file run_0.cif (mmCIF, C-alpha atoms)
data_query
loop_
_atom_site.label_atom_id
_atom_site.label_comp_id
_atom_site.auth_asym_id
_atom_site.auth_seq_id
_atom_site.Cartn_x
_atom_site.Cartn_y
_atom_site.Cartn_z
CA MET A 1 -71.53 188.32 37.10
CA THR A 2 -72.74 184.77 36.62
CA GLU A 3 -75.60 185.99 34.41
CA GLU A 4 -73.11 187.67 32.10
CA ILE A 5 -71.17 184.44 31.84
CA ARG A 6 -74.33 182.39 31.39
CA ALA A 7 -75.14 184.58 28.40
CA LEU A 8 -72.01 183.22 26.72
CA VAL A 9 -73.42 179.68 26.62
CA GLY A 10 -73.80 178.54 23.04
CA ARG A 11 -71.05 180.80 21.79
CA GLU A 12 -68.89 179.23 19.13
CA VAL A 13 -65.51 180.15 17.69
CA SER A 14 -63.55 178.44 14.97
CA TYR A 15 -59.86 178.42 14.08
CA THR A 16 -58.24 176.95 10.99
CA ALA A 17 -54.53 176.24 11.07
CA PRO A 18 -52.47 178.27 8.60
CA GLU A 19 -50.62 175.15 7.48
CA GLU A 20 -50.60 171.35 7.64
CA LEU A 21 -49.84 169.84 11.03
CA GLY A 22 -46.50 168.56 9.71
CA ARG A 23 -44.17 165.70 10.50
CA ALA A 24 -41.79 167.90 12.48
CA ALA A 25 -44.61 169.02 14.81
CA ILE A 26 -45.46 165.36 15.44
CA ARG A 27 -41.86 164.35 16.10
CA TYR A 28 -41.29 167.40 18.31
CA PHE A 29 -44.38 166.62 20.43
CA ALA A 30 -43.44 162.94 20.83
CA ARG A 31 -39.89 163.95 21.78
CA ALA A 32 -41.10 166.57 24.27
CA VAL A 33 -43.46 164.11 25.96
CA GLY A 34 -40.80 161.40 25.96
CA ASP A 35 -42.83 159.00 23.80
CA ASP A 36 -40.61 156.94 21.48
CA ASN A 37 -43.42 155.00 19.76
CA PRO A 38 -42.29 154.52 16.11
CA LEU A 39 -45.90 154.99 14.88
CA TYR A 40 -45.18 158.73 15.19
CA THR A 41 -41.84 158.83 13.34
CA ASP A 42 -41.39 155.73 11.14
CA ASP A 43 -43.57 155.53 8.01
CA ALA A 44 -42.65 151.91 7.24
CA TYR A 45 -43.50 150.80 10.77
CA ALA A 46 -46.80 152.72 10.70
CA ARG A 47 -47.72 151.07 7.36
CA GLU A 48 -46.95 147.62 8.76
CA HIS A 49 -49.53 148.37 11.41
CA GLY A 50 -52.30 149.44 9.09
CA TYR A 51 -51.83 153.20 8.80
CA ASP A 52 -51.06 155.23 5.67
CA GLY A 53 -47.81 156.46 7.23
CA VAL A 54 -46.90 158.15 10.49
CA ILE A 55 -49.74 159.37 12.68
CA ALA A 56 -49.82 161.97 15.43
CA PRO A 57 -49.89 160.88 19.08
CA PRO A 58 -53.65 160.80 19.82
CA THR A 59 -53.77 163.73 22.23
CA LEU A 60 -51.56 166.09 20.21
CA ILE A 61 -54.26 168.15 18.53
CA CYS A 62 -56.09 168.55 21.85
CA GLU A 63 -52.94 169.92 23.43
CA THR A 64 -51.37 172.10 20.77
CA ASN A 65 -52.28 175.73 20.04
CA GLN A 66 -50.73 175.52 16.59
CA TYR A 67 -54.09 175.91 14.83
CA ALA A 68 -55.07 179.01 16.82
CA ASP A 69 -52.22 181.20 15.52
CA LEU A 70 -52.90 183.80 18.24
CA ARG A 71 -50.58 186.35 19.81
CA PRO A 72 -49.69 185.43 23.40
CA ASP A 73 -51.69 187.27 26.09
CA ALA A 74 -50.16 188.91 29.20
CA ASP A 75 -49.68 185.48 30.77
CA GLY A 76 -47.92 184.23 27.66
CA TYR A 77 -50.86 182.03 26.66
CA ALA A 78 -51.53 181.75 22.93
CA GLY A 79 -54.39 179.27 22.76
CA HIS A 80 -58.17 179.46 22.59
CA ASP A 81 -59.75 181.19 25.58
CA TRP A 82 -63.23 182.55 26.35
CA HIS A 83 -61.68 185.47 28.24
CA ILE A 84 -63.90 184.93 31.25
CA ASP A 85 -62.53 186.96 34.12
CA ILE A 86 -64.03 186.53 37.57
CA PRO A 87 -62.44 188.83 40.16
CA GLY A 88 -61.80 187.07 43.48
CA SER A 89 -61.52 183.65 41.91
CA ARG A 90 -58.78 181.30 40.84
CA LYS A 91 -59.03 179.58 37.48
CA VAL A 92 -58.08 175.90 37.45
CA ARG A 93 -58.40 173.05 34.99
CA GLY A 94 -61.13 170.55 35.77
CA GLY A 95 -60.52 167.80 33.28
CA ASN A 96 -60.96 166.58 29.74
CA THR A 97 -62.68 163.80 27.83
CA TYR A 98 -61.25 163.08 24.41
CA THR A 99 -62.99 160.98 21.76
CA PHE A 100 -60.69 159.91 18.94
CA HIS A 101 -62.62 159.31 15.74
CA GLU A 102 -59.80 159.00 13.20
CA PRO A 103 -56.00 159.11 13.37
CA VAL A 104 -54.46 162.52 12.70
CA ARG A 105 -51.91 162.63 9.87
CA PRO A 106 -49.09 165.08 9.12
CA ASP A 107 -50.87 166.47 6.04
CA ASP A 108 -54.05 167.31 7.96
CA VAL A 109 -54.95 171.00 8.10
CA ILE A 110 -56.82 171.27 11.38
CA THR A 111 -59.93 173.31 12.03
CA ALA A 112 -60.86 173.51 15.71
CA THR A 113 -64.34 174.68 16.63
CA TRP A 114 -64.91 175.55 20.29
CA ARG A 115 -68.41 175.82 21.73
CA LEU A 116 -69.23 177.03 25.23
CA ASP A 117 -71.57 174.29 26.34
CA GLY A 118 -72.60 175.12 29.86
CA VAL A 119 -72.00 177.05 33.06
CA THR A 120 -72.94 175.54 36.43
CA GLU A 121 -72.51 176.73 39.98
CA ARG A 122 -71.32 174.22 42.56
CA ARG A 123 -69.70 174.02 45.95
CA ASN A 124 -66.59 171.92 46.47
CA SER A 125 -66.05 169.65 49.47
CA ALA A 126 -64.40 172.53 51.33
CA GLY A 127 -67.59 174.58 50.86
CA GLN A 128 -66.03 177.01 48.39
CA GLU A 129 -68.23 178.31 45.62
CA MET A 130 -67.21 177.23 42.15
CA LEU A 131 -68.29 178.07 38.65
CA VAL A 132 -67.78 175.20 36.22
CA VAL A 133 -67.48 176.18 32.57
CA SER A 134 -67.82 173.32 30.08
CA SER A 135 -66.70 173.58 26.49
CA VAL A 136 -66.52 171.21 23.56
CA ALA A 137 -63.94 171.41 20.81
CA THR A 138 -64.27 169.47 17.59
CA TYR A 139 -61.26 169.01 15.35
CA THR A 140 -61.78 168.39 11.65
CA ASN A 141 -59.41 168.31 8.68
CA GLN A 142 -59.53 169.97 5.26
CA HIS A 143 -61.55 167.04 3.92
CA GLY A 144 -64.28 167.63 6.47
CA ARG A 145 -63.42 164.47 8.44
CA LEU A 146 -64.15 164.60 12.16
CA LEU A 147 -60.90 163.63 13.87
CA VAL A 148 -61.30 164.26 17.59
CA THR A 149 -63.79 165.70 20.09
CA ASN A 150 -62.53 167.31 23.29
CA GLU A 151 -64.87 168.06 26.20
CA GLU A 152 -63.17 170.35 28.68
CA THR A 153 -64.08 171.83 32.04
CA ILE A 154 -62.49 174.92 33.53
CA ILE A 155 -63.31 175.78 37.13
CA PHE A 156 -63.33 179.19 38.78
CA VAL A 157 -62.91 178.68 42.53
CA ALA A 158 -63.89 181.58 44.81
CA LEU A 159 -60.93 182.68 46.88
CA LYS A 160 -61.50 182.54 50.64
CA GLU A 161 -62.84 185.82 51.94
CA GLU A 162 -60.70 187.50 54.58
CA ARG A 163 -62.53 188.38 57.77
CA MET B 1 -46.64 138.53 18.34
CA THR B 2 -48.52 138.07 21.57
CA GLY B 3 -49.69 140.98 23.63
CA PRO B 4 -50.09 141.23 27.38
CA GLU B 5 -52.82 139.34 29.16
CA VAL B 6 -55.97 141.42 28.97
CA THR B 7 -58.78 140.32 31.25
CA VAL B 8 -60.85 142.14 33.80
CA GLY B 9 -58.52 142.99 36.65
CA SER B 10 -55.31 142.91 34.54
CA GLU B 11 -52.86 145.56 35.61
CA VAL B 12 -51.81 148.12 33.02
CA ALA B 13 -47.99 148.28 32.99
CA PRO B 14 -47.15 151.44 34.97
CA LEU B 15 -45.41 154.38 33.34
CA GLU B 16 -43.12 156.56 35.42
CA ARG B 17 -41.68 159.87 34.33
CA THR B 18 -39.66 162.62 35.97
CA ILE B 19 -40.66 165.95 34.47
CA GLU B 20 -37.76 168.39 34.54
CA LEU B 21 -37.99 172.07 33.66
CA ARG B 22 -36.17 171.25 30.41
CA ASP B 23 -38.93 168.79 29.45
CA MET B 24 -41.55 171.42 30.29
CA VAL B 25 -39.85 173.98 28.07
CA ALA B 26 -39.77 171.42 25.24
CA TYR B 27 -43.46 170.65 25.80
CA ALA B 28 -44.37 174.36 25.87
CA GLY B 29 -42.61 174.77 22.53
CA ALA B 30 -44.12 171.64 21.01
CA THR B 31 -47.68 172.72 21.95
CA TRP B 32 -47.37 176.46 21.22
CA ASP B 33 -48.20 177.20 24.85
CA TRP B 34 -45.89 179.79 26.38
CA HIS B 35 -47.89 180.39 29.56
CA ARG B 36 -45.58 181.85 32.21
CA MET B 37 -46.84 179.36 34.80
CA HIS B 38 -44.62 176.79 33.18
CA TYR B 39 -41.21 178.54 33.41
CA ASP B 40 -41.24 182.15 34.71
CA PHE B 41 -39.98 182.16 38.31
CA GLU B 42 -40.82 185.82 38.96
CA TYR B 43 -44.38 185.30 37.72
CA LEU B 44 -44.73 182.21 39.94
CA GLN B 45 -43.33 183.92 43.02
CA LYS B 46 -45.89 186.74 42.73
CA ARG B 47 -48.66 184.14 42.72
CA GLY B 48 -47.31 182.16 45.65
CA LEU B 49 -46.41 179.11 43.57
CA PRO B 50 -43.25 177.31 44.67
CA ALA B 51 -42.01 176.15 41.26
CA PRO B 52 -42.99 175.97 37.58
CA VAL B 53 -46.29 174.12 37.14
CA VAL B 54 -46.40 171.16 34.75
CA ASP B 55 -49.02 171.73 32.02
CA GLY B 56 -51.91 169.47 33.02
CA GLN B 57 -52.52 168.38 29.46
CA VAL B 58 -49.22 166.51 29.37
CA PHE B 59 -50.94 163.94 31.59
CA GLY B 60 -53.39 163.16 28.79
CA ALA B 61 -50.39 162.38 26.60
CA LEU B 62 -48.85 160.18 29.31
CA LEU B 63 -52.09 158.24 29.90
CA ALA B 64 -52.35 157.54 26.16
CA GLU B 65 -48.68 156.58 25.98
CA GLN B 66 -49.05 154.22 28.95
CA LEU B 67 -51.81 152.34 27.10
CA GLN B 68 -50.02 152.23 23.74
CA ASP B 69 -46.76 151.09 25.34
CA TRP B 70 -48.60 148.33 27.17
CA LEU B 71 -50.79 147.06 24.33
CA GLY B 72 -48.62 147.80 21.28
CA PRO B 73 -49.46 149.21 17.85
CA ARG B 74 -52.71 147.27 17.36
CA ALA B 75 -54.30 149.21 20.21
CA VAL B 76 -56.34 152.25 19.24
CA VAL B 77 -57.40 154.54 22.06
CA ARG B 78 -60.99 155.61 21.33
CA ARG B 79 -61.79 157.63 24.43
CA LEU B 80 -59.68 159.09 27.20
CA HIS B 81 -60.88 161.03 30.21
CA PHE B 82 -59.08 162.56 33.17
CA ARG B 83 -59.67 164.98 36.02
CA PHE B 84 -57.01 167.02 37.74
CA LYS B 85 -56.58 166.74 41.51
CA ASN B 86 -53.29 168.43 42.40
CA LEU B 87 -50.69 170.53 40.62
CA VAL B 88 -47.42 168.88 39.65
CA PHE B 89 -44.23 170.94 39.85
CA ALA B 90 -40.99 170.92 37.87
CA GLY B 91 -38.65 168.11 38.88
CA GLU B 92 -41.37 165.86 40.29
CA THR B 93 -41.84 162.23 39.31
CA VAL B 94 -45.25 160.90 38.36
CA ARG B 95 -46.43 157.32 38.06
CA CYS B 96 -49.37 156.31 35.88
CA THR B 97 -51.11 153.11 36.96
CA GLY B 98 -54.24 151.36 35.78
CA ARG B 99 -56.28 148.21 35.50
CA VAL B 100 -58.76 146.67 33.12
CA ILE B 101 -62.37 147.06 34.29
CA ALA B 102 -64.26 145.65 31.28
CA VAL B 103 -63.65 143.58 28.17
CA GLU B 104 -66.34 143.34 25.48
CA GLY B 105 -65.24 141.72 22.22
CA ASP B 106 -62.33 143.74 20.85
CA THR B 107 -62.99 146.66 23.18
CA LEU B 108 -61.59 147.11 26.65
CA ARG B 109 -62.06 149.71 29.31
CA VAL B 110 -59.43 150.69 31.81
CA GLU B 111 -59.31 152.97 34.79
CA GLN B 112 -56.13 154.91 35.41
CA ARG B 113 -54.68 157.37 37.87
CA ILE B 114 -51.52 159.41 38.22
CA VAL B 115 -49.71 159.96 41.51
CA ILE B 116 -46.73 162.11 42.35
CA ILE B 117 -44.01 160.08 44.03
CA ASP B 118 -41.36 161.91 45.98
CA GLY B 119 -39.04 159.63 47.91
CA ASP B 120 -40.40 158.99 51.39
CA GLU B 121 -43.09 161.68 51.16
CA PRO B 122 -46.67 160.39 51.03
CA GLU B 123 -48.04 160.07 47.50
CA ARG B 124 -50.11 162.95 46.18
CA VAL B 125 -52.74 162.31 43.53
CA ALA B 126 -52.21 164.34 40.37
CA VAL B 127 -54.97 162.89 38.18
CA GLU B 128 -58.04 160.92 39.23
CA PRO B 129 -60.42 159.61 38.07
CA ALA B 130 -59.07 158.80 34.64
CA GLY B 131 -59.62 156.04 32.16
CA ALA B 132 -59.93 154.98 28.57
CA GLU B 133 -61.72 152.86 26.04
CA ILE B 134 -59.41 150.98 23.68
CA VAL B 135 -60.06 148.92 20.58
CA LEU B 136 -57.66 146.07 19.85
CA ARG B 137 -57.50 145.62 16.10
CA ALA B 138 -56.74 142.28 14.47
CA GLU B 139 -52.98 142.32 13.92
CA GLU B 140 -52.92 142.36 10.10
CA ALA B 141 -56.08 144.32 9.31
CA PRO B 142 -55.78 148.07 8.80
#
call {"tool": "encode", "arguments": {"input": "run_0.cif", "output": "structure tokens"}}
result
Amino acid sequence: MTEEIRALVGREVSYTAPEELGRAAIRYFARAVGDDNPLYTDDAYAREHGYDGVIAPPTLICETNQYADLRPDADGYAGHDWHIDIPGSRKVRGGNTYTFHEPVRPDDVITATWRLDGVTERRNSAGQEMLVVSSVATYTNQHGRLLVTNEETIIFVALKEER
Amino acid sequence: MTGPEVTVGSEVAPLERTIELRDMVAYAGATWDWHRMHYDFEYLQKRGLPAPVVDGQVFGALLAEQLQDWLGPRAVVRRLHFRFKNLVFAGETVRCTGRVIAVEGDTLRVEQRIVIIDGDEPERVAVEPAGAEIVLRAEEAP
């Protein structure tokens, strides 16, 4: 099982959004999060602070599935996924590290490229076996500018065996 | 305009937020993520989960917001990292806290964490460790 998954290391998949990110998407995200920072909605304010107009909240493109344009799966999920299925395990999020290279603007057309970076076996403090899958996503715009890098870990925790 | 005091040990102004199911539905829409974990009670019941699960990625947004709210528009978050410790459920209140651990020129590093606060119940950790690297730009320069 693990060998099959290990064989996926190095795999890369790329998605380009069918449209610009858009001002409405930025305002909607800020509203949904509860962030009222005018950098995200007020062009004049954003210009006063050195931007070319409103910018997206920094984490938006790491969180949205807008660019993927996928049909939802059985769980309703419509974002990038490696479709790794490990029977007898529970899939949980490990964590993320975001590096923000340039602000994201409403007229950016995002391309996200996901690479499966590594698979490691570990044991957690409770002694359960875990498989840690690390991926890196890079987000660029239509001008080839690197906007954000997102390192993500997903963990498959072995469910306790019944005796 | 003067910003907050930023030296090693300075406390990052905390950010507290109650995340209701309504907010989660808005977030699911805003991020194109319609995973049933976040709203479908029948789906949750089958998996032994007591309530809709808050999308972990919203905590990245809150950690960034906490820093921007504290430092103002001249702050640019360059790096942000976070690890998940416990699930957060609909209706729970989270508190983001943090402190400055390094200042080098115009760059500062902070460590942050997020706990779930629920009245008299003991705090549960939602996110830890977490932290960021922030650049403070000169006020007038782009």
call {"tool": "residues_around", "arguments": {"input": "run_0.cif", "residues": "Val157 (chain A)", "least_positions_apart": "6", "cutoff": "12 Å", "atoms": "all atoms listed in the file", "output": "list in words"}}
result
Asp85, Ile86, Pro87, Gly88, Ser89, Arg90, Lys91, Val92, Arg93, Gly94, Glu121, Arg122, Arg123, Asn124, Ser125, Ala126, Gly127, Gln128, Glu129, Met130, Leu131, Val132 and Val133 of chain A
call {"tool": "atom_distance", "arguments": {"input": "run_0.cif", "atom1": "CA of Gly119 (chain B)", "atom2": "CA of Lys85 (chain B)"}}
result
20.0 Å
call {"tool": "atom_distance", "arguments": {"input": "run_0.cif", "atom1": "CA of Asp73 (chain A)", "atom2": "CA of Arg36 (chain B)"}}
result
10.2 Å
call {"tool": "atom_distance", "arguments": {"input": "run_0.cif", "atom1": "CA of Thr153 (chain A)", "atom2": "CA of Gly95 (chain A)"}}
result
5.5 Å
call {"tool": "closest_atom_pairs", "arguments": {"input": "run_0.cif", "of": "chain A", "to": "chain B", "cutoff": "6 Å", "atoms": "all atoms listed in the file", "output": "CSV"}}
result
residue,atom,partner,partner_atom,distance
A:Tyr28,CA,B:Ala30,CA,5.8
A:Phe29,CA,B:Ala30,CA,5.1
A:Ala32,CA,B:Tyr27,CA,5.0
A:Gly50,CA,B:Pro142,CA,3.8
A:Thr59,CA,B:Ala61,CA,5.7
A:Thr64,CA,B:Thr31,CA,3.9
A:Asn65,CA,B:Trp32,CA,5.1
A:Gln66,CA,B:Trp32,CA,5.8
A:Asp75,CA,B:His35,CA,5.5
A:Gly76,CA,B:His35,CA,4.3
A:Tyr77,CA,B:His35,CA,4.5
A:Ala78,CA,B:Asp33,CA,6.0
A:Gly94,CA,B:Arg83,CA,5.8
A:Gly95,CA,B:Arg83,CA,4.0
A:Asn96,CA,B:His81,CA,5.6
A:Thr97,CA,B:His81,CA,4.1
A:Tyr98,CA,B:Leu80,CA,5.1
A:Thr99,CA,B:Arg79,CA,4.4
A:Phe100,CA,B:Arg78,CA,4.9
call {"tool": "residues_around", "arguments": {"input": "run_0.cif", "residues": "region 96-109 of chain B", "least_positions_apart": "2", "cutoff": "8 Å", "atoms": "all atoms listed in the file", "output": "PyMOL selection string"}}
result
chain B and resi 6-16+62-63+66+94+111-115+131-137
call {"tool": "residues_near_point", "arguments": {"input": "run_0.cif", "point": "(-41.1, 175.4, 36.2)", "cutoff": "6 Å", "atoms": "all atoms listed in the file", "output": "list in words"}}
result
Leu21, His38, Tyr39, Ala51, Pro52, Val53 and Ala90 of chain B
call {"tool": "decode", "arguments": {"input": "run_0.cif", "residues": "region 148-161 of chain A", "atoms": "C-alpha atoms", "output": "JSON list (two decimals), in the first residue's frame"}}
result
[["chain", "number", "residue", "atom", "x", "y", "z"],
["A", 148, "VAL", "CA", 2.38, 32.36, -3.26],
["A", 149, "THR", "CA", 3.86, 28.99, -2.28],
["A", 150, "ASN", "CA", 1.86, 26.64, -0.07],
["A", 151, "GLU", "CA", 3.48, 23.64, 1.63],
["A", 152, "GLU", "CA", 0.82, 21.31, 2.97],
["A", 153, "THR", "CA", 0.81, 18.10, 4.97],
["A", 154, "ILE", "CA", -2.04, 15.63, 5.06],
["A", 155, "ILE", "CA", -1.87, 12.80, 7.58],
["A", 156, "PHE", "CA", -3.44, 9.36, 7.35],
["A", 157, "VAL", "CA", -3.78, 7.99, 10.89],
["A", 158, "ALA", "CA", -4.29, 4.23, 11.27],
["A", 159, "LEU", "CA", -7.53, 3.52, 13.06],
["A", 160, "LYS", "CA", -7.16, 1.47, 16.24],
["A", 161, "GLU", "CA", -7.47, -2.23, 15.54]]
